[in-house]
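K.L.:
One file is attached below, run-v4.csv, containing CSV, C-alpha atoms and all ligand atoms.
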chain,number,residue,atom,x,y,z
A,287,MET,CA,-37.8,21.4,5.0
A,288,THR,CA,-36.5,21.5,8.5
A,289,GLY,CA,-34.0,24.2,9.6
A,290,PRO,CA,-30.9,23.5,11.7
A,291,ALA,CA,-31.6,22.1,15.1
A,292,ARG,CA,-30.8,24.6,17.9
A,293,PRO,CA,-29.4,23.0,21.0
A,294,GLY,CA,-31.9,22.4,23.7
A,295,PRO,CA,-31.5,23.7,27.2
A,296,ALA,CA,-28.1,22.6,28.5
A,297,GLY,CA,-29.8,20.4,31.2
A,298,ASP,CA,-31.6,18.1,28.7
A,299,VAL,CA,-29.0,15.5,28.1
A,300,ALA,CA,-27.7,15.6,31.7
A,301,ALA,CA,-31.2,15.1,33.0
A,302,ARG,CA,-31.6,12.1,30.7
A,303,ALA,CA,-28.3,10.6,32.0
A,304,ASP,CA,-29.5,11.2,35.6
A,305,ALA,CA,-32.9,9.8,35.0
A,306,GLY,CA,-31.4,6.8,33.1
A,307,PHE,CA,-29.2,6.0,36.1
A,308,LEU,CA,-32.0,6.3,38.6
A,309,HIS,CA,-34.2,4.1,36.4
A,310,ARG,CA,-31.6,1.4,35.8
A,311,TYR,CA,-29.9,1.2,39.2
A,312,GLY,CA,-32.7,2.5,41.6
A,313,GLU,CA,-30.7,5.2,43.2
A,314,PRO,CA,-29.2,8.6,42.0
A,315,PRO,CA,-25.6,8.7,40.6
A,316,ALA,CA,-22.6,10.0,42.5
A,317,GLY,CA,-22.1,12.6,39.8
A,318,ARG,CA,-22.1,13.2,36.1
A,319,TRP,CA,-19.3,14.0,33.6
A,320,ALA,CA,-19.6,15.4,30.1
A,321,ALA,CA,-17.7,15.9,26.9
A,322,PRO,CA,-18.8,17.6,23.7
A,323,GLY,CA,-18.8,16.6,20.0
A,324,ARG,CA,-16.4,18.5,17.8
A,325,ALA,CA,-16.1,19.9,14.3
A,326,ASN,CA,-12.7,20.5,12.8
A,327,LEU,CA,-12.5,24.0,11.4
A,328,ILE,CA,-9.5,23.1,9.3
A,329,GLY,CA,-6.6,20.7,9.2
A,330,GLU,CA,-7.8,17.3,8.0
A,331,HIS,CA,-5.6,14.2,8.0
A,332,THR,CA,-2.8,16.3,9.3
A,333,ASP,CA,-2.9,15.0,12.9
A,334,TYR,CA,-1.2,11.6,12.2
A,335,ASN,CA,1.4,13.5,10.1
A,336,ASP,CA,2.5,15.4,13.2
A,337,GLY,CA,0.9,18.5,11.8
A,338,PHE,CA,-1.6,21.1,12.8
A,339,VAL,CA,-5.4,21.0,13.5
A,340,LEU,CA,-8.0,23.6,14.6
A,341,PRO,CA,-11.1,21.9,16.0
A,342,PHE,CA,-13.8,23.5,18.1
A,343,ALA,CA,-16.4,22.1,20.5
A,344,LEU,CA,-20.0,21.8,19.3
A,345,PRO,CA,-23.0,22.5,21.5
A,346,LEU,CA,-23.8,18.7,21.5
A,347,ARG,CA,-22.6,16.5,24.3
A,348,THR,CA,-22.3,13.1,25.8
A,349,VAL,CA,-23.1,12.8,29.5
A,350,VAL,CA,-22.1,10.0,31.8
A,351,ALA,CA,-23.9,9.6,35.1
A,352,ALA,CA,-21.9,7.2,37.3
A,353,ALA,CA,-21.3,5.8,40.8
A,354,PRO,CA,-18.7,3.3,42.1
A,355,GLN,CA,-19.7,-0.4,42.6
A,356,ASP,CA,-17.9,-3.0,44.6
A,357,GLY,CA,-15.3,-5.2,43.0
A,358,LEU,CA,-13.8,-5.0,39.5
A,359,ARG,CA,-17.1,-4.9,37.7
A,360,TRP,CA,-18.4,-2.3,35.3
A,361,THR,CA,-22.1,-2.0,34.2
A,362,VAL,CA,-22.9,0.4,31.4
A,363,TRP,CA,-26.3,1.5,30.2
A,364,SER,CA,-26.8,3.7,27.1
A,365,GLU,CA,-30.0,5.3,26.1
A,366,LEU,CA,-29.2,4.1,22.6
A,367,SER,CA,-29.2,0.5,23.5
A,368,ASP,CA,-31.8,-1.9,25.0
A,369,SER,CA,-29.4,-3.9,27.1
A,370,PRO,CA,-26.4,-3.0,29.2
A,371,VAL,CA,-22.8,-3.9,28.6
A,372,GLU,CA,-21.2,-5.6,31.6
A,373,PHE,CA,-17.6,-6.6,32.0
A,374,GLY,CA,-15.0,-7.5,34.7
A,375,ALA,CA,-11.3,-7.7,35.2
A,376,ASP,CA,-10.8,-10.4,32.6
A,377,GLU,CA,-12.3,-8.4,29.8
A,378,VAL,CA,-10.1,-5.4,30.5
A,379,ALA,CA,-6.9,-7.5,31.0
A,380,ALA,CA,-6.2,-7.3,27.2
A,381,PRO,CA,-7.5,-5.4,24.2
A,382,GLY,CA,-10.4,-6.6,22.1
A,383,ARG,CA,-12.4,-8.6,24.7
A,384,VAL,CA,-15.4,-6.4,24.6
A,385,SER,CA,-16.8,-5.4,21.2
A,386,GLY,CA,-19.5,-3.0,19.9
A,387,TRP,CA,-20.1,0.4,21.6
A,388,GLY,CA,-19.1,-1.1,25.0
A,389,ALA,CA,-15.5,-1.4,23.7
A,390,TYR,CA,-15.0,2.3,24.0
A,391,VAL,CA,-15.9,2.1,27.7
A,392,ALA,CA,-13.9,-1.1,28.3
A,393,GLY,CA,-11.0,0.4,26.3
A,394,VAL,CA,-10.8,3.4,28.7
A,395,VAL,CA,-10.8,1.1,31.7
A,396,TRP,CA,-8.1,-1.0,30.0
A,397,ALA,CA,-6.0,2.0,29.1
A,398,LEU,CA,-6.2,3.5,32.6
A,399,ARG,CA,-5.2,0.2,34.2
A,400,ASP,CA,-2.5,-0.5,31.7
A,401,ALA,CA,-1.0,2.9,32.5
A,402,GLY,CA,-0.9,1.8,36.2
A,403,HIS,CA,-3.9,3.6,37.5
A,404,ASP,CA,-6.3,2.0,40.0
A,405,VAL,CA,-9.8,2.2,38.5
A,406,PRO,CA,-12.8,1.4,40.7
A,407,GLY,CA,-15.6,-0.8,39.5
A,408,ALA,CA,-18.5,1.5,38.5
A,409,ARG,CA,-22.1,1.7,37.2
A,410,LEU,CA,-22.6,4.1,34.4
A,411,ALA,CA,-25.5,5.5,32.4
A,412,ILE,CA,-24.9,7.4,29.2
A,413,ALA,CA,-27.0,9.9,27.3
A,414,SER,CA,-25.9,11.8,24.3
A,415,ASP,CA,-26.8,14.5,21.7
A,416,VAL,CA,-23.8,13.8,19.6
A,417,PRO,CA,-25.0,11.8,16.5
A,418,VAL,CA,-23.3,8.5,16.2
A,419,GLY,CA,-21.4,7.8,12.9
A,420,SER,CA,-21.6,11.3,11.6
A,421,GLY,CA,-18.0,12.2,12.1
A,422,LEU,CA,-18.6,14.6,15.0
A,423,SER,CA,-16.5,12.5,17.4
A,424,SER,CA,-19.2,10.7,19.3
A,425,SER,CA,-16.5,8.0,20.1
A,426,ALA,CA,-14.1,10.5,21.5
A,427,ALA,CA,-16.8,12.2,23.5
A,428,LEU,CA,-17.8,8.9,25.0
A,429,GLU,CA,-14.2,8.0,25.8
A,430,ALA,CA,-13.6,11.4,27.4
A,431,ALA,CA,-16.7,11.5,29.5
A,432,VAL,CA,-16.1,8.0,30.8
A,433,LEU,CA,-12.4,8.8,31.4
A,434,ALA,CA,-13.4,11.9,33.4
A,435,ALA,CA,-15.9,9.9,35.5
A,436,LEU,CA,-13.5,7.0,36.3
A,437,VAL,CA,-10.6,9.3,37.1
A,438,ASP,CA,-12.8,11.3,39.6
A,439,LEU,CA,-14.4,8.3,41.1
A,440,GLY,CA,-11.0,6.6,41.6
A,441,GLY,CA,-9.2,9.7,42.8
A,442,VAL,CA,-6.7,9.2,39.9
A,443,ASP,CA,-4.3,12.1,39.3
A,444,LEU,CA,-4.4,12.6,35.5
A,445,PRO,CA,-4.1,16.1,34.3
A,446,ALA,CA,-6.2,17.2,31.3
A,447,GLU,CA,-3.2,17.4,28.9
A,448,ARG,CA,-2.4,13.8,29.5
A,449,ARG,CA,-5.9,12.5,29.0
A,450,PRO,CA,-6.1,12.7,25.1
A,451,ARG,CA,-3.3,10.2,24.6
A,452,LEU,CA,-4.9,7.8,27.0
A,453,ALA,CA,-8.3,8.0,25.3
A,454,GLN,CA,-6.6,7.7,21.9
A,455,ARG,CA,-4.9,4.5,23.2
A,456,ALA,CA,-8.2,3.1,24.2
A,457,GLU,CA,-9.5,3.7,20.6
A,458,ASN,CA,-6.3,2.6,18.8
A,459,ALA,CA,-5.3,-0.4,20.8
A,460,TYR,CA,-8.5,-1.7,22.4
A,461,VAL,CA,-11.1,-0.8,19.8
A,462,GLY,CA,-8.7,-1.2,17.0
A,463,VAL,CA,-9.3,2.0,15.0
A,464,PRO,CA,-6.1,3.8,13.9
A,465,THR,CA,-7.1,7.4,14.5
A,466,GLY,CA,-4.8,10.3,15.3
A,467,ILE,CA,-4.9,12.6,18.4
A,468,MET,CA,-7.2,15.3,17.2
A,469,ASP,CA,-10.6,14.2,18.3
A,470,GLN,CA,-9.7,13.2,21.9
A,471,SER,CA,-7.7,16.5,22.2
A,472,ALA,CA,-10.6,18.5,20.9
A,473,VAL,CA,-13.3,17.0,23.2
A,474,ILE,CA,-11.0,17.3,26.3
A,475,ARG,CA,-9.2,20.6,25.7
A,476,CYS,CA,-11.4,22.9,23.7
A,477,ARG,CA,-12.8,26.0,25.4
A,478,PRO,CA,-16.0,28.0,24.7
A,479,SER,CA,-15.8,30.6,22.0
A,480,HIS,CA,-12.3,29.4,20.9
A,481,ALA,CA,-10.9,27.0,18.5
A,482,LEU,CA,-8.1,24.7,19.6
A,483,PHE,CA,-4.8,25.2,17.7
A,484,LEU,CA,-3.0,21.9,18.3
A,485,ASP,CA,0.4,21.0,17.3
A,486,CYS,CA,0.1,17.3,17.0
A,487,ARG,CA,3.8,16.7,17.3
A,488,THR,CA,4.4,18.4,20.6
A,489,GLU,CA,0.7,18.4,21.8
A,490,SER,CA,1.1,22.1,22.7
A,491,VAL,CA,-2.2,24.0,22.3
A,492,GLU,CA,-3.2,27.6,21.9
A,493,HIS,CA,-6.8,28.7,22.4
A,494,ILE,CA,-7.6,30.9,19.4
A,495,PRO,CA,-10.6,33.3,19.7
A,496,PHE,CA,-13.5,32.1,17.6
A,497,ASP,CA,-16.4,34.0,18.8
A,498,LEU,CA,-18.9,33.5,16.0
A,499,ALA,CA,-21.9,35.0,17.9
A,500,ALA,CA,-20.0,38.2,18.6
A,501,ALA,CA,-19.3,38.5,14.8
A,502,GLY,CA,-22.9,37.8,13.8
A,503,LEU,CA,-21.7,34.5,12.3
A,504,ALA,CA,-22.6,30.8,12.7
A,505,VAL,CA,-21.2,27.5,11.5
A,506,LEU,CA,-23.9,25.4,9.8
A,507,VAL,CA,-23.0,21.8,10.2
A,508,VAL,CA,-24.6,19.6,7.5
A,509,ASP,CA,-24.8,15.9,8.3
A,510,SER,CA,-24.6,14.4,4.8
A,511,ARG,CA,-26.1,11.1,6.0
A,512,ALA,CA,-24.0,9.5,3.3
A,513,PRO,CA,-23.2,5.9,4.2
A,514,HIS,CA,-19.6,5.5,5.3
A,515,ARG,CA,-18.2,3.7,2.3
A,516,HIS,CA,-15.2,1.5,3.4
A,517,ALA,CA,-14.3,4.4,5.7
A,518,GLY,CA,-12.1,2.3,7.9
A,519,GLY,CA,-9.9,0.8,5.2
A,520,GLU,CA,-9.6,4.0,3.2
A,521,TYR,CA,-8.6,5.9,6.4
A,522,ALA,CA,-5.9,3.4,7.1
A,523,SER,CA,-4.7,3.4,3.5
A,524,ARG,CA,-4.4,7.2,3.4
A,525,ARG,CA,-2.4,7.0,6.6
A,526,ALA,CA,-0.1,4.3,5.1
A,527,SER,CA,0.5,6.4,2.0
A,528,CYS,CA,1.6,9.4,4.1
A,529,ASP,CA,3.9,7.2,6.3
A,530,GLN,CA,5.4,5.7,3.2
A,531,ALA,CA,5.9,9.1,1.5
A,532,ALA,CA,7.6,10.5,4.6
A,533,LYS,CA,9.9,7.5,4.6
A,534,LEU,CA,10.8,8.0,0.9
A,535,LEU,CA,11.6,11.6,1.7
A,536,GLY,CA,13.8,10.5,4.6
A,537,LEU,CA,11.6,12.5,7.1
A,538,ALA,CA,10.1,11.6,10.4
A,539,ALA,CA,6.7,12.8,9.2
A,540,LEU,CA,5.1,14.9,6.4
A,541,ARG,CA,4.9,17.8,8.9
A,542,ASP,CA,8.6,18.2,8.1
A,543,VAL,CA,7.9,19.4,4.5
A,544,PRO,CA,7.4,23.1,4.7
A,545,ALA,CA,5.1,24.8,2.2
A,546,ALA,CA,8.1,26.5,0.6
A,547,GLY,CA,9.7,23.1,0.1
A,548,LEU,CA,6.7,21.3,-1.4
A,549,ASP,CA,7.9,21.4,-5.1
A,550,GLU,CA,11.3,20.0,-4.1
A,551,ALA,CA,9.7,17.2,-2.1
A,552,LEU,CA,7.2,16.4,-5.0
A,553,ALA,CA,10.1,16.2,-7.4
A,554,LEU,CA,11.5,13.3,-5.4
A,555,LEU,CA,8.3,11.3,-5.6
A,556,HIS,CA,7.5,9.4,-8.7
A,557,ASP,CA,4.0,8.1,-8.1
A,558,ASP,CA,1.3,10.7,-9.0
A,559,GLU,CA,-1.1,9.5,-6.3
A,560,THR,CA,1.5,9.8,-3.6
A,561,ARG,CA,2.4,13.2,-4.8
A,562,ARG,CA,-1.2,14.3,-4.5
A,563,ARG,CA,-1.5,12.9,-1.0
A,564,VAL,CA,1.6,14.8,0.1
A,565,ARG,CA,0.4,18.0,-1.6
A,566,HIS,CA,-2.8,17.8,0.4
A,567,VAL,CA,-1.0,17.4,3.8
A,568,VAL,CA,1.6,20.1,3.2
A,569,THR,CA,-0.9,22.7,1.8
A,570,GLU,CA,-3.4,21.8,4.5
A,571,ASN,CA,-0.9,22.4,7.3
A,572,GLN,CA,-0.2,25.8,5.8
A,573,ARG,CA,-3.9,26.6,5.6
A,574,VAL,CA,-4.2,25.9,9.3
A,575,LEU,CA,-1.4,28.3,10.0
A,576,ASP,CA,-3.0,31.0,7.7
A,577,THR,CA,-6.4,30.5,9.3
A,578,VAL,CA,-4.9,30.9,12.8
A,579,GLU,CA,-3.3,34.2,11.7
A,580,LEU,CA,-6.6,35.5,10.4
A,581,LEU,CA,-8.5,34.5,13.5
A,582,ARG,CA,-5.8,36.1,15.7
A,583,ALA,CA,-6.4,39.3,13.7
A,584,GLY,CA,-10.2,39.0,14.3
A,585,ARG,CA,-10.9,38.4,10.6
A,586,ILE,CA,-13.2,35.5,10.9
A,587,ARG,CA,-15.0,36.0,7.5
A,588,ASP,CA,-11.7,36.1,5.7
A,589,ILE,CA,-11.0,32.4,6.5
A,590,GLY,CA,-13.8,31.4,4.1
A,591,PRO,CA,-11.6,30.9,1.0
A,592,LEU,CA,-9.1,28.8,3.1
A,593,LEU,CA,-12.0,26.5,4.1
A,594,THR,CA,-13.1,26.1,0.5
A,595,ALA,CA,-9.6,25.5,-0.7
A,596,SER,CA,-9.2,22.8,2.0
A,597,HIS,CA,-12.3,21.1,0.6
A,598,ALA,CA,-10.9,21.2,-2.9
A,599,SER,CA,-7.7,19.6,-1.7
A,600,MET,CA,-9.6,16.8,0.1
A,601,ARG,CA,-11.7,16.2,-3.0
A,602,ASP,CA,-9.0,16.3,-5.6
A,603,ASP,CA,-5.8,15.4,-3.9
A,604,PHE,CA,-6.6,13.3,-0.9
A,605,GLU,CA,-9.8,11.9,-2.5
A,606,ILE,CA,-11.8,11.4,0.6
A,607,THR,CA,-15.1,13.2,-0.3
A,608,VAL,CA,-18.3,11.6,-1.7
A,609,PRO,CA,-21.0,13.1,-4.0
A,610,GLU,CA,-23.3,14.0,-1.1
A,611,ILE,CA,-20.6,15.9,0.7
A,612,ASP,CA,-19.5,17.8,-2.5
A,613,THR,CA,-23.1,18.7,-3.2
A,614,ALA,CA,-23.6,20.1,0.3
A,615,VAL,CA,-20.4,22.2,0.0
A,616,GLU,CA,-21.4,23.6,-3.5
A,617,ALA,CA,-25.0,24.4,-2.3
A,618,ALA,CA,-23.8,26.2,0.8
A,619,LEU,CA,-21.4,28.3,-1.2
A,620,ALA,CA,-24.2,29.0,-3.7
A,621,ALA,CA,-26.3,30.2,-0.8
A,622,GLY,CA,-23.6,32.8,0.2
A,623,ALA,CA,-21.5,30.9,2.7
A,624,TYR,CA,-18.1,32.5,3.2
A,625,GLY,CA,-16.5,29.1,2.9
A,626,ALA,CA,-17.5,25.4,3.2
A,627,ARG,CA,-15.6,22.2,3.6
A,628,MET,CA,-16.0,18.6,4.7
A,629,THR,CA,-15.0,18.1,8.4
A,630,GLY,CA,-13.6,14.9,9.8
A,631,GLY,CA,-12.2,11.7,8.4
A,632,GLY,CA,-14.2,11.6,5.2
A,633,PHE,CA,-16.2,9.2,3.0
A,634,GLY,CA,-19.4,10.7,4.4
A,635,GLY,CA,-19.9,12.6,7.7
A,636,CYS,CA,-20.4,16.3,7.9
A,637,VAL,CA,-19.8,19.5,6.0
A,638,LEU,CA,-19.3,22.8,7.8
A,639,ALA,CA,-20.2,26.2,6.3
A,640,LEU,CA,-19.4,29.6,7.7
A,641,VAL,CA,-22.4,31.8,7.2
A,642,ASP,CA,-23.9,35.0,8.5
A,643,ALA,CA,-26.1,33.9,11.4
A,644,ASP,CA,-29.2,35.3,9.8
A,645,ARG,CA,-28.5,33.4,6.6
A,646,ALA,CA,-28.2,29.9,8.2
A,647,ASP,CA,-31.9,28.9,7.5
A,648,ALA,CA,-31.6,30.0,3.9
A,649,ALA,CA,-28.4,28.1,3.5
A,650,SER,CA,-29.9,24.9,5.0
A,651,ALA,CA,-32.9,25.3,2.7
A,652,THR,CA,-30.6,25.5,-0.4
A,653,VAL,CA,-28.7,22.4,0.7
A,654,THR,CA,-31.9,20.5,1.2
A,655,THR,CA,-33.2,21.5,-2.2
A,656,ALA,CA,-29.9,20.4,-3.8
A,657,TYR,CA,-30.1,17.0,-2.0
A,658,ALA,CA,-33.6,16.5,-3.3
A,659,ALA,CA,-32.5,17.3,-6.8
A,660,HIS,CA,-29.9,14.5,-6.6
A,661,ASN,CA,-32.3,12.1,-4.9
A,662,PHE,CA,-30.1,11.9,-1.8
A,663,PRO,CA,-31.8,11.3,1.6
A,664,ALA,CA,-32.5,14.6,3.3
A,665,PRO,CA,-29.5,15.9,5.3
A,666,ASN,CA,-29.6,16.9,9.0
A,667,PHE,CA,-28.4,20.2,10.3
A,668,HIS,CA,-26.8,21.5,13.5
A,669,LEU,CA,-26.0,25.1,14.1
A,670,SER,CA,-23.1,26.3,16.1
A,671,THR,CA,-22.0,29.7,17.4
A,672,ALA,CA,-19.2,27.9,19.3
A,673,ASN,CA,-20.4,29.7,22.4
A,674,THR,CA,-21.9,26.8,24.3
A,675,HIS,CA,-20.0,24.0,25.9
A,676,PRO,CA,-20.6,21.5,28.6
B,701,LIG,C1,-10.8,11.2,12.1
B,701,LIG,C2,-9.7,10.8,13.1
B,701,LIG,C3,-8.8,12.0,13.4
B,701,LIG,C4,-8.3,12.7,12.2
B,701,LIG,C5,-9.5,13.0,11.2
B,701,LIG,C6,-9.0,13.5,9.9
B,701,LIG,O1,-11.7,12.1,12.8
B,701,LIG,O2,-10.3,10.3,14.3
B,701,LIG,O3,-7.7,11.5,14.2
B,701,LIG,O4,-7.3,12.0,11.5
B,701,LIG,O5,-10.3,11.8,11.0
B,701,LIG,O6,-8.5,14.8,10.1
Once you've parsed the file, please lay out its structure as C-alpha cells.

P.N.:
Amino acid sequence: MTGPARPGPAGDVAARADAGFLHRYGEPPAGRWAAPGRANLIGEHTDYNDGFVLPFALPLRTVVAAAPQDGLRWTVWSELSDSPVEFGADEVAAPGRVSGWGAYVAGVVWALRDAGHDVPGARLAIASDVPVGSGLSSSAALEAAVLAALVDLGGVDLPAERRPRLAQRAENAYVGVPTGIMDQSAVIRCRPSHALFLDCRTESVEHIPFDLAAAGLAVLVVDSRAPHRHAGGEYASRRASCDQAAKLLGLAALRDVPAAGLDEALALLHDDETRRRVRHVVTENQRVLDTVELLRAGRIRDIGPLLTASHASMRDDFEITVPEIDTAVEAALAAGAYGARMTGGGFGGCVLALVDADRADAASATVTTAYAAHNFPAPNFHLSTANTHP
C-alpha cells in the first residue's frame, strides 16, 4: 500500500522546466510561468448551465519555461514527450491544424492572435506534476501557463479575469472539446487557502476561505485510474440534454430554475431521463450555495453531507460515475470521511474525500483494500490542504 503523495519542494517542477529548457535550447529561459491543477469541491456539470462552481487549486502544477524566438515560430518541448512540437503562422491561422498535446499550445497562440493580440514566436519547455487524463485539469493548467508566458513575453495587456475565456476558446474551438468555463477559471483565478466561488453566468468570483490545514483537515484526492469510457461523447450528450431541457422550459439556461421551482419545472418535462438531468443541475447549484454558506461560517466539516449528496446525484440522476469511482467514495466514507464525491467531468477521473488530516493515510488504505477486493488496478492518491499554490 502506498499512502498519498505529498507535494515535493515547490522548486522541483520549476527546476525540471528550467533544466529541460537549458538542455533542449542550450541557454537558460527568459522566465517561467506556472498554473496549478484543480479539484472541484462541489458544483459539477453546472458551469455550462450558467450555474455555480466551487473549485480550489491543488499543490500540483504545470510550469512553462520560455523565451522569445525570431519570426512566427513556436517550438515546444514537454518532459512527457520524446519529440518537440513545432508550428508556425500557417498552423495557427485556423483551428485544428495541430493535433495531440501540442494543440493546447497552438490553440492558445491561435486564440490570442484571433483576439487581435500580437504574439511573439517562442521556445517553450514544459514540466508538470498534474497527472494527465485524471480529471484534475492538466489541459487547463497547460493552457493557462502557456497563456501567461506568451502574454508576458509579448507585452500583451490581458487582465487575469479575461484570460479564462480565451483559454476556454483555445480548448473549445481549436482543440475541439466542448468544456465549460470552470477549469480555466480555477487554474487562473484560485487563491491559496480559498475555494473559488464562481458564477458562470456573470463570471464574478468570490474567494471563500477554505483553510483545511488550520482546521486539521485534508482533502484526499483518489485517482480512480478508471479508463475514460466514451467520456467525450457522454459529456457532449449531457450538455445537449441540459440545453434541450432549458429550451423546453423556455429558459436561457437551467440556472434559471430555482431550487424552489424544481417540482414545477419537472412537471413540464415528460421524459424521465431529462427530468433526472435537470434535477441534478438544479439541486447541485443549490448545494454549491449551501456549501458556500457553511464555509463562510467556518463550518468546513459540516459540508460533508453536501459532498456526499452531490455524489449520489451524479451517480443516480446525471449518471456519470463508474464502479471504480463509486467504490472509492463508499470506501472513503466507511473510513470516516466527512463527505466524498467524484470531482470533474466524470466517467473516471478522481474522487475527493474530506478527512481529518491524521486519518488520511487510514482512508487511503481503506480505498486501496476495497479496490483490491474488486480487482481494480490500485488507485493513486494526492493529498491537499489547499495551502500551497504556485
Ligand atoms: C470538465 C469540464 C468543465 C466542467 C466539468 C464538470 O472538467 O472541463 O467545464 O463542465 O467537467 O463539472

K.L.:
Report, in Å to a single decimal, how far apart CA of Tyr390 in chain A and CA of Leu452 in chain A are.

P.N.:
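A separation of 11.9 Å between them.
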
K.L.:
For a test of reading the model, state the distance in Å between CA of Thr671 in chain A and CA of Leu346 in chain A, rounded to one decimal.

P.N.:
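Taking CA of Thr671 in chain A as the start and CA of Leu346 in chain A as the end point, the length is 11.9 Å.
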
K.L.:
Closest to ligand LIG 701 (chain B) among A:Ala500, A:Ala380, A:Val349, A:Ile467, using all atoms listed in the file?

P.N.:
A:Ile467

K.L.:
Taking all atoms listed in the file into account, name the residue in A:Gly374, A:Pro663, A:Pro315, A:Gly421 that is nearest to Val637 in chain A.

P.N.:
A:Gly421

K.L.:
Determine, using all atoms listed in the file, which residues of chain A have any atom at most 9 Å from an atom of ligand LIG 701 (chain B), and tabulate each with its shortest atom pair and distance in Å to one decimal place, rows ordered by chain and then rising number, as CSV.

P.N.:
residue,atom,partner,partner_atom,distance
A:Asn326,CA,B:LIG701,O6,7.6
A:Ile328,CA,B:LIG701,O6,8.4
A:Gly329,CA,B:LIG701,O6,6.3
A:Glu330,CA,B:LIG701,O6,3.3
A:His331,CA,B:LIG701,O6,3.6
A:Thr332,CA,B:LIG701,O6,5.9
A:Asp333,CA,B:LIG701,O4,5.5
A:Tyr334,CA,B:LIG701,O4,6.2
A:Asn335,CA,B:LIG701,O4,8.9
A:Val339,CA,B:LIG701,O6,7.7
A:Gly421,CA,B:LIG701,O1,6.3
A:Leu422,CA,B:LIG701,O1,7.7
A:Ser423,CA,B:LIG701,O1,6.7
A:Ser425,CA,B:LIG701,O2,8.8
A:Ala426,CA,B:LIG701,O2,8.1
A:Gln454,CA,B:LIG701,O3,8.7
A:Val463,CA,B:LIG701,O2,8.4
A:Pro464,CA,B:LIG701,O2,7.7
A:Thr465,CA,B:LIG701,O3,4.2
A:Gly466,CA,B:LIG701,O3,3.3
A:Ile467,CA,B:LIG701,O3,5.2
A:Met468,CA,B:LIG701,O3,4.9
A:Asp469,CA,B:LIG701,O2,5.6
A:Gln470,CA,B:LIG701,O3,8.1
A:Tyr521,CA,B:LIG701,O5,7.7
A:Arg525,CA,B:LIG701,O4,8.5
A:Thr629,CA,B:LIG701,O6,7.5
A:Gly630,CA,B:LIG701,O1,4.5
A:Gly631,CA,B:LIG701,O5,3.2
A:Gly632,CA,B:LIG701,O5,7.0

K.L.:
Using all atoms listed in the file, determine which residues lie at most 9 Å from Leu503 in chain A, disregarding the query and same-chain residues fewer than 3 positions distant; provide the list as a PyMOL selection string.

P.N.:
chain A and resi 497-500+586-587+640-646+671

K.L.:
State, in Å with one decimal place, the distance from CA of Gly547 in chain A to CA of Glu489 in chain A.

P.N.:
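Result for CA of Gly547 in chain A versus CA of Glu489 in chain A: 24.0 Å, one decimal.
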
K.L.:
Residues around (-5.8, 30.3, 8.0), cut-off 9 Å, counting only C-alpha atoms - what are they as a VMD selection string?

P.N.:
chain A and resid 328 572 to 581 588 to 590 592 to 593

K.L.:
Restricting the calculation to all atoms listed in the file: of A:Leu344, A:Val405, A:Ala651, A:Val567, which residue gets closest to Asp438 in chain A?

P.N.:
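The shortest atom-to-atom distance to Asp438 in chain A comes from A:Val405.
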
K.L.:
For Arg455 in chain A, which residue among A:Cys476, A:Leu506, A:Leu537, A:Ala430 is the nearest when counting only C-alpha atoms?

P.N.:
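Closest to Arg455 in chain A, using only C-alpha atoms: A:Ala430.
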
K.L.:
Identify the residues within 6 Å of coordinate (2.5, 19.8, 15.6) (same frame as the file), considering all atoms listed in the file, and give the answer as a CSV table (one decimal) with C-alpha atoms, keeping the file's coordinate frame.

P.N.:
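Output below, filename result27.csv:
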chain,number,residue,atom,x,y,z
A,336,ASP,CA,2.5,15.4,13.2
A,337,GLY,CA,0.9,18.5,11.8
A,338,PHE,CA,-1.6,21.1,12.8
A,485,ASP,CA,0.4,21.0,17.3
A,486,CYS,CA,0.1,17.3,17.0
A,487,ARG,CA,3.8,16.7,17.3
A,488,THR,CA,4.4,18.4,20.6

K.L.:
Have a look at A:Gln530, A:Ser599, A:Ser510, A:Thr560 and name the one nearest to Ala664 in chain A; count all atoms listed in the file.

P.N.:
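The closest residue to Ala664 in chain A is A:Ser510.
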
K.L.:
With distances taken over all atoms listed in the file, which of A:Gln355, A:Ser414, A:Asn458, A:Thr607 is nearest to Asp304 in chain A?

P.N.:
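Residue with the minimum atom-to-atom distance to Asp304 in chain A: A:Ser414.
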
K.L.:
List the spatial neighbours of Glu616 in chain A as JSON, numbers by chain - criterion: any atom at most 10 Å away, only C-alpha atoms, same-chain residues fewer than 3 positions off excluded.

P.N.:
{"A": [594, 611, 612, 613, 619, 620, 621, 623, 625, 626, 627, 652, 653, 656]}

K.L.:
Please list as an MDAnalysis selection string every residue within 12 Å of Ser385 in chain A, counting all atoms listed in the file and excluding residues in the same chain fewer than 6 positions away.

P.N.:
chainID A and resid 371:373 377:378 391:393 457 460:462
